[in-house]
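Engineer: Dropping in model_11.pdb, which is PDB, C-alpha atoms, pLDDT in the B column:
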```
ATOM      1  CA  MET A  10     127.054 204.272 161.401  1.00 45.00           C
ATOM      2  CA  VAL A  11     127.346 201.081 163.430  1.00 47.00           C
ATOM      3  CA  ILE A  12     128.085 201.866 167.050  1.00 49.00           C
ATOM      4  CA  ASP A  13     130.042 199.420 169.171  1.00 52.00           C
ATOM      5  CA  VAL A  14     129.059 199.986 172.785  1.00 53.00           C
ATOM      6  CA  SER A  15     130.489 196.725 174.064  1.00 54.00           C
ATOM      7  CA  ASN A  16     133.598 198.397 175.487  1.00 50.00           C
ATOM      8  CA  GLN A  17     132.275 200.867 178.048  1.00 55.00           C
ATOM      9  CA  ALA A  18     135.806 201.660 179.196  1.00 58.00           C
ATOM     10  CA  ARG A  19     136.177 203.519 175.901  1.00 64.00           C
ATOM     11  CA  PHE A  20     133.767 206.175 177.203  1.00 67.00           C
ATOM     12  CA  ALA A  21     135.187 206.414 180.728  1.00 71.00           C
ATOM     13  CA  GLY A  22     136.549 209.880 181.278  1.00 77.00           C
ATOM     14  CA  CYS A  23     134.395 211.442 178.536  1.00 87.00           C
ATOM     15  CA  HIS A  24     132.566 214.408 180.053  1.00 92.00           C
ATOM     16  CA  ILE A  25     129.372 215.710 178.496  1.00 93.00           C
ATOM     17  CA  LEU A  26     127.598 218.889 179.569  1.00 96.00           C
ATOM     18  CA  VAL A  27     123.855 218.939 178.887  1.00 96.00           C
ATOM     19  CA  VAL A  28     122.451 222.477 178.861  1.00 97.00           C
ATOM     20  CA  ASP A  29     118.664 222.435 178.941  1.00 95.00           C
ATOM     21  CA  ASP A  30     116.006 224.146 181.034  1.00 94.00           C
ATOM     22  CA  ASP A  31     113.826 220.999 180.941  1.00 92.00           C
ATOM     23  CA  PRO A  32     114.965 218.624 183.705  1.00 93.00           C
ATOM     24  CA  MET A  33     113.332 215.700 181.879  1.00 91.00           C
ATOM     25  CA  ASN A  34     115.561 216.230 178.837  1.00 88.00           C
ATOM     26  CA  CYS A  35     118.638 216.284 181.075  1.00 91.00           C
ATOM     27  CA  ALA A  36     117.488 213.131 182.851  1.00 91.00           C
ATOM     28  CA  MET A  37     116.877 211.335 179.544  1.00 88.00           C
ATOM     29  CA  VAL A  38     120.374 212.122 178.290  1.00 88.00           C
ATOM     30  CA  ARG A  39     121.872 211.073 181.622  1.00 90.00           C
ATOM     31  CA  LEU A  40     119.916 207.801 181.604  1.00 87.00           C
ATOM     32  CA  ARG A  41     120.986 206.909 178.074  1.00 83.00           C
ATOM     33  CA  LEU A  42     124.646 207.879 178.229  1.00 85.00           C
ATOM     34  CA  GLU A  43     125.788 207.262 181.813  1.00 87.00           C
ATOM     35  CA  LYS A  44     125.123 203.543 181.483  1.00 81.00           C
ATOM     36  CA  LEU A  45     127.684 203.553 178.669  1.00 80.00           C
ATOM     37  CA  GLY A  46     130.345 205.113 180.883  1.00 83.00           C
ATOM     38  CA  PHE A  47     130.032 208.804 180.017  1.00 88.00           C
ATOM     39  CA  THR A  48     130.098 211.351 182.829  1.00 92.00           C
ATOM     40  CA  ILE A  49     127.126 213.691 182.447  1.00 94.00           C
ATOM     41  CA  GLU A  50     126.659 217.088 184.059  1.00 96.00           C
ATOM     42  CA  SER A  51     123.804 219.476 183.424  1.00 96.00           C
ATOM     43  CA  ALA A  52     123.077 223.190 183.474  1.00 97.00           C
ATOM     44  CA  PRO A  53     119.611 224.801 183.442  1.00 97.00           C
ATOM     45  CA  ASP A  54     120.610 227.730 181.207  1.00 97.00           C
ATOM     46  CA  GLY A  55     123.429 229.200 179.180  1.00 97.00           C
ATOM     47  CA  SER A  56     124.855 231.389 181.920  1.00 97.00           C
ATOM     48  CA  VAL A  57     125.405 228.385 184.197  1.00 98.00           C
ATOM     49  CA  ALA A  58     126.962 226.523 181.257  1.00 98.00           C
ATOM     50  CA  VAL A  59     129.432 229.352 180.631  1.00 98.00           C
ATOM     51  CA  ALA A  60     130.447 229.290 184.298  1.00 98.00           C
ATOM     52  CA  LEU A  61     130.919 225.510 184.253  1.00 98.00           C
ATOM     53  CA  VAL A  62     132.995 225.575 181.058  1.00 98.00           C
ATOM     54  CA  SER A  63     135.166 228.358 182.458  1.00 97.00           C
ATOM     55  CA  ALA A  64     136.111 226.024 185.319  1.00 97.00           C
ATOM     56  CA  LYS A  65     136.223 222.607 183.627  1.00 96.00           C
ATOM     57  CA  ARG A  66     136.925 220.905 180.307  1.00 94.00           C
ATOM     58  CA  TYR A  67     134.182 218.943 178.557  1.00 95.00           C
ATOM     59  CA  ASP A  68     134.396 216.602 175.572  1.00 92.00           C
ATOM     60  CA  LEU A  69     130.944 217.557 174.298  1.00 93.00           C
ATOM     61  CA  ILE A  70     128.237 220.094 175.079  1.00 96.00           C
ATOM     62  CA  LEU A  71     124.629 219.400 174.151  1.00 94.00           C
ATOM     63  CA  MET A  72     123.092 222.889 174.021  1.00 95.00           C
ATOM     64  CA  ASP A  73     119.369 223.666 173.954  1.00 93.00           C
ATOM     65  CA  LEU A  74     118.686 226.728 171.827  1.00 91.00           C
ATOM     66  CA  GLN A  75     115.761 228.247 173.717  1.00 90.00           C
ATOM     67  CA  MET A  76     116.305 228.773 177.437  1.00 92.00           C
ATOM     68  CA  PRO A  77     115.643 231.511 179.978  1.00 91.00           C
ATOM     69  CA  VAL A  78     118.429 233.737 181.302  1.00 93.00           C
ATOM     70  CA  MET A  79     120.802 233.033 178.363  1.00 95.00           C
ATOM     71  CA  ASN A  80     119.882 231.167 175.187  1.00 95.00           C
ATOM     72  CA  GLY A  81     122.053 228.544 173.527  1.00 95.00           C
ATOM     73  CA  LEU A  82     123.382 230.796 170.779  1.00 95.00           C
ATOM     74  CA  GLU A  83     124.700 233.436 173.174  1.00 97.00           C
ATOM     75  CA  ALA A  84     126.077 230.767 175.517  1.00 97.00           C
ATOM     76  CA  THR A  85     127.933 229.175 172.603  1.00 97.00           C
ATOM     77  CA  ARG A  86     129.442 232.511 171.591  1.00 97.00           C
ATOM     78  CA  GLN A  87     130.673 233.084 175.146  1.00 98.00           C
ATOM     79  CA  ILE A  88     131.944 229.517 175.544  1.00 98.00           C
ATOM     80  CA  ARG A  89     133.972 229.825 172.339  1.00 97.00           C
ATOM     81  CA  ARG A  90     135.885 232.728 173.928  1.00 97.00           C
ATOM     82  CA  LEU A  91     136.939 230.587 176.910  1.00 97.00           C
ATOM     83  CA  PRO A  92     140.161 228.536 176.953  1.00 95.00           C
ATOM     84  CA  ASN A  93     138.168 225.378 177.798  1.00 93.00           C
ATOM     85  CA  GLY A  94     135.509 226.158 175.200  1.00 94.00           C
ATOM     86  CA  ALA A  95     137.467 227.004 172.085  1.00 91.00           C
ATOM     87  CA  GLY A  96     137.732 223.451 170.781  1.00 90.00           C
ATOM     88  CA  VAL A  97     134.907 221.570 172.469  1.00 93.00           C
ATOM     89  CA  ALA A  98     132.204 220.079 170.250  1.00 92.00           C
ATOM     90  CA  ILE A  99     128.863 221.833 170.802  1.00 94.00           C
ATOM     91  CA  LEU A 100     125.679 220.272 169.441  1.00 92.00           C
ATOM     92  CA  GLY A 101     122.624 222.491 169.250  1.00 90.00           C
ATOM     93  CA  SER A 102     119.354 220.839 170.187  1.00 88.00           C
ATOM     94  CA  THR A 103     115.801 221.984 169.649  1.00 82.00           C
ATOM     95  CA  ALA A 104     112.438 220.543 168.678  1.00 79.00           C
ATOM     96  CA  ASN A 105     112.016 222.480 165.444  1.00 72.00           C
ATOM     97  CA  LEU A 106     115.312 223.328 163.819  1.00 64.00           C
ATOM     98  CA  VAL A 107     114.682 225.253 160.626  1.00 70.00           C
ATOM     99  CA  LEU A 108     117.304 226.096 158.012  1.00 69.00           C
ATOM    100  CA  GLU A 109     117.735 229.662 159.310  1.00 75.00           C
ATOM    101  CA  GLN A 110     118.397 228.365 162.834  1.00 80.00           C
ATOM    102  CA  ARG A 111     120.974 225.908 161.516  1.00 82.00           C
ATOM    103  CA  GLN A 112     122.924 228.808 160.031  1.00 85.00           C
ATOM    104  CA  GLN A 113     122.593 230.806 163.267  1.00 88.00           C
ATOM    105  CA  CYS A 114     123.953 227.806 165.183  1.00 87.00           C
ATOM    106  CA  MET A 115     126.939 227.492 162.868  1.00 89.00           C
ATOM    107  CA  ASP A 116     127.574 231.250 163.000  1.00 91.00           C
ATOM    108  CA  ALA A 117     127.566 231.097 166.812  1.00 93.00           C
ATOM    109  CA  GLY A 118     130.187 228.330 166.764  1.00 93.00           C
ATOM    110  CA  MET A 119     128.198 225.108 167.108  1.00 93.00           C
ATOM    111  CA  THR A 120     129.578 222.019 165.407  1.00 90.00           C
ATOM    112  CA  GLY A 121     126.326 220.181 164.722  1.00 86.00           C
ATOM    113  CA  PHE A 122     122.713 219.579 165.702  1.00 83.00           C
ATOM    114  CA  VAL A 123     120.344 216.996 167.131  1.00 83.00           C
ATOM    115  CA  THR A 124     116.604 217.425 166.804  1.00 79.00           C
ATOM    116  CA  LYS A 125     114.316 216.711 169.751  1.00 79.00           C
ATOM    117  CA  PRO A 126     112.894 214.324 170.534  1.00 76.00           C
ATOM    118  CA  PHE A 127     116.000 212.305 169.771  1.00 72.00           C
ATOM    119  CA  THR A 128     116.354 208.577 170.142  1.00 70.00           C
ATOM    120  CA  GLY A 129     119.075 207.070 172.256  1.00 70.00           C
ATOM    121  CA  ALA A 130     120.796 205.782 169.127  1.00 73.00           C
ATOM    122  CA  ALA A 131     120.728 209.196 167.412  1.00 73.00           C
ATOM    123  CA  LEU A 132     122.078 210.901 170.522  1.00 74.00           C
ATOM    124  CA  LEU A 133     124.841 208.352 170.945  1.00 75.00           C
ATOM    125  CA  GLU A 134     125.793 208.545 167.269  1.00 76.00           C
ATOM    126  CA  ALA A 135     125.980 212.354 167.363  1.00 76.00           C
ATOM    127  CA  ALA A 136     128.017 212.291 170.570  1.00 74.00           C
ATOM    128  CA  LEU A 137     130.486 209.676 169.350  1.00 73.00           C
ATOM    129  CA  LYS A 138     130.942 211.385 166.005  1.00 75.00           C
ATOM    130  CA  ARG A 139     132.060 214.561 167.805  1.00 70.00           C
ATOM    131  CA  ILE A 140     134.036 212.928 170.598  1.00 71.00           C
ATOM    132  CA  ASP A 141     135.918 210.578 168.248  1.00 56.00           C
ATOM    133  CA  THR A 142     136.785 213.515 165.989  1.00 44.00           C
ATOM    134  CA  PRO A 143     138.416 216.172 168.192  1.00 41.00           C
ATOM    135  CA  GLN A 144     137.632 219.760 167.254  1.00 43.00           C
ATOM    136  CA  GLN A 145     140.331 222.193 166.318  1.00 37.00           C
ATOM    137  CA  GLY A 146     140.171 225.385 168.292  1.00 36.00           C
TER     138      GLY A 146
END
```
Rewrite the structure of this file - the entire thing - as structure tokens.
Structural biologist:
Amino acid sequence: MVIDVSNQARFAGCHILVVDDDPMNCAMVRLRLEKLGFTIESAPDGSVAVALVSAKRYDLILMDLQMPVMNGLEATRQIRRLPNGAGVAILGSTANLVLEQRQQCMDAGMTGFVTKPFTGAALLEAALKRIDTPQQG
């Protein structure tokens, strides 16, 4: 996929929620996507993500699978029950995604995956693929 990032206005108004207990991962996503015009917010665990999604609409959620308080699978299940979460694209992210975990992610309601560490290009491609193709919910 060739990604045209020359028109940053295209991404203005696109809100991405990054759910990860590692502040460095959140900062990396913010650094790579905010300069393209995306608005990035972050949550340190699934319970905070559920609260944020209950109050606001996002275009994409990048969800870590393993976090304290509430993991990514349970957070996804709860988000899918919210009016703002039914149709949002949710990408699971983890360092070692095995086939069994992929199925668990899909069963929980995720729409795709990115494997850590991800490059800026891979992250952008995954985000644009989901944002340009609205989810049905």
Engineer: Please write as a ChimeraX atom specification the full residue list that the PyMOL selection byres ((chain A and resi 72) around 8) yields on this file.
Structural biologist: /A:27-29,70-71,73-74,81,99-102
Engineer: Compute the distance from (119.7, 215.3, 170.9) to each atom, counting only C-alpha atoms, keep the residues with any atom at most 12 Å away, and return them as a ChimeraX atom specification; use the coordinates of the file.
Structural biologist: /A:27-29,34-35,37-39,41-42,69-74,99-106,121-136
Engineer: Have a look at A:Pro32, A:Gly96, A:Gly118, A:Pro53 and name the one nearest to A:Glu83; count only C-alpha atoms.
Structural biologist: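 Ranked by minimum distance to A:Glu83, first place goes to A:Gly118.
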Engineer: For atom CA of A:Ala64 and atom CA of A:Val78, determine how far apart the two atoms are, in Å to one decimal place.
Structural biologist: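 Computing the Euclidean distance for atom CA of A:Ala64 and atom CA of A:Val78 yields 19.7 Å.
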Engineer: Name the residues, using the chain letters and numbers of the file, that sit within 7 Å of (134.8, 211.8, 177.9) when counting all atoms listed in the file, and give them as an MDAnalysis selection string.
Structural biologist: chainID A and resid 20:25 47:48 68
Engineer: Between atom CA of A:Thr120 and atom CA of A:Ser56, measure the distance and give it in Å to one decimal.
Structural biologist: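 Separation between atom CA of A:Thr120 and atom CA of A:Ser56: 19.6 Å.
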Engineer: Quick one, how far is atom CA of A:Gly94 from atom CA of A:Gly55?
Structural biologist: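 According to the coordinates, atom CA of A:Gly94 and atom CA of A:Gly55 are separated by 13.1 Å.
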Engineer: Spell out the residues picked by the PyMOL selection byres ((chain A and resi 87-93) around 9) here, as a ChimeraX atom specification.
Structural biologist: /A:58-60,62-67,82-86,94-97,117-118,146
Engineer: Using all atoms listed in the file, which of the listed residues (A:Asp54, A:Glu109, A:Ala98, A:Met115) sits closest to A:Asp31?
Structural biologist: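 Checking each candidate against A:Asp31, we get A:Asp54 as the closest.
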